[in-house]
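Have a look at the structure below before the remarks.
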Amino acid sequence: MAFIENRTRTSIIIPGPQDLLRTIGKWTVRRQKRNEVAQMLNFEDWVLKDMGITKGDVREALAFKGNPSLHLRALAARSRFWARQN
């Protein structure tokens, strides 16, 4: 049995200035959304209840690794679903 060595070329990808700007833009938007969700902790309970969420939901969304505003939206939808079931 012959041994065949499989070699692949490794390419080094150097990001350009547009990639850097795009990354900074995405980071800025993510940071802004996280700050907006964090501001919701200062809201009164009745305001959050009108939105269909609680302060615990806001804390859970902030602990979420991804986009906290999308996670909070999912939590609010879940809350509305279960409210309709009762």
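Convention: chains lettered A, B, ... in structure tokens order; per-chain residue numbering from 1; ligands numbered from 1 as shown.
Within 7 Å of region 70-83 of chain A, once only C-alpha atoms are used and residues closer than 5 positions along the same chain are dropped, the contacting residues are A:Gly52, A:Ile53, A:Asp57, A:Val58, A:Ala61.
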Print the selection's residues with C-alpha atoms to a file, as a PDB file, in the first residue's frame.
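Generated output (selection39.pdb):
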ATOM      1  CA  GLY A  52     -44.720  42.041  27.900  1.00  0.00           C
ATOM      2  CA  ILE A  53     -41.389  41.596  29.654  1.00  0.00           C
ATOM      3  CA  ASP A  57     -36.161  39.032  31.036  1.00  0.00           C
ATOM      4  CA  VAL A  58     -33.968  42.094  30.478  1.00  0.00           C
ATOM      5  CA  ALA A  61     -31.208  39.128  27.441  1.00  0.00           C
TER       6      ALA A  61
END
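Among the candidates A:Asp50, A:Glu44, A:Arg34, A:Gln39, the one nearest to Phe64 (chain A) when counting only C-alpha atoms is A:Arg34.
The neighbours of Asp45 (chain A) here are the residues that come within 8 Å of it, using only C-alpha atoms and leaving out any residue fewer than 4 positions away in the same chain; they are Lys49, Thr54 and Lys55 of chain A.
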Pairwise distance, CA of Arg31 (chain A) with CA of Asn67 (chain A), equals 9.5 Å
Quote the spacing between CA of Gly66 (chain A) and CA of Leu41 (chain A) in Å to one decimal place.
-> 18.5 Å
Mind the document's chain letters and residue numbers, and return as a PyMOL selection string the residues of chain A that DSSP labels helix (DSSP H, G or I).
-> chain A and resi 17-42+45-51+55-63+68-85
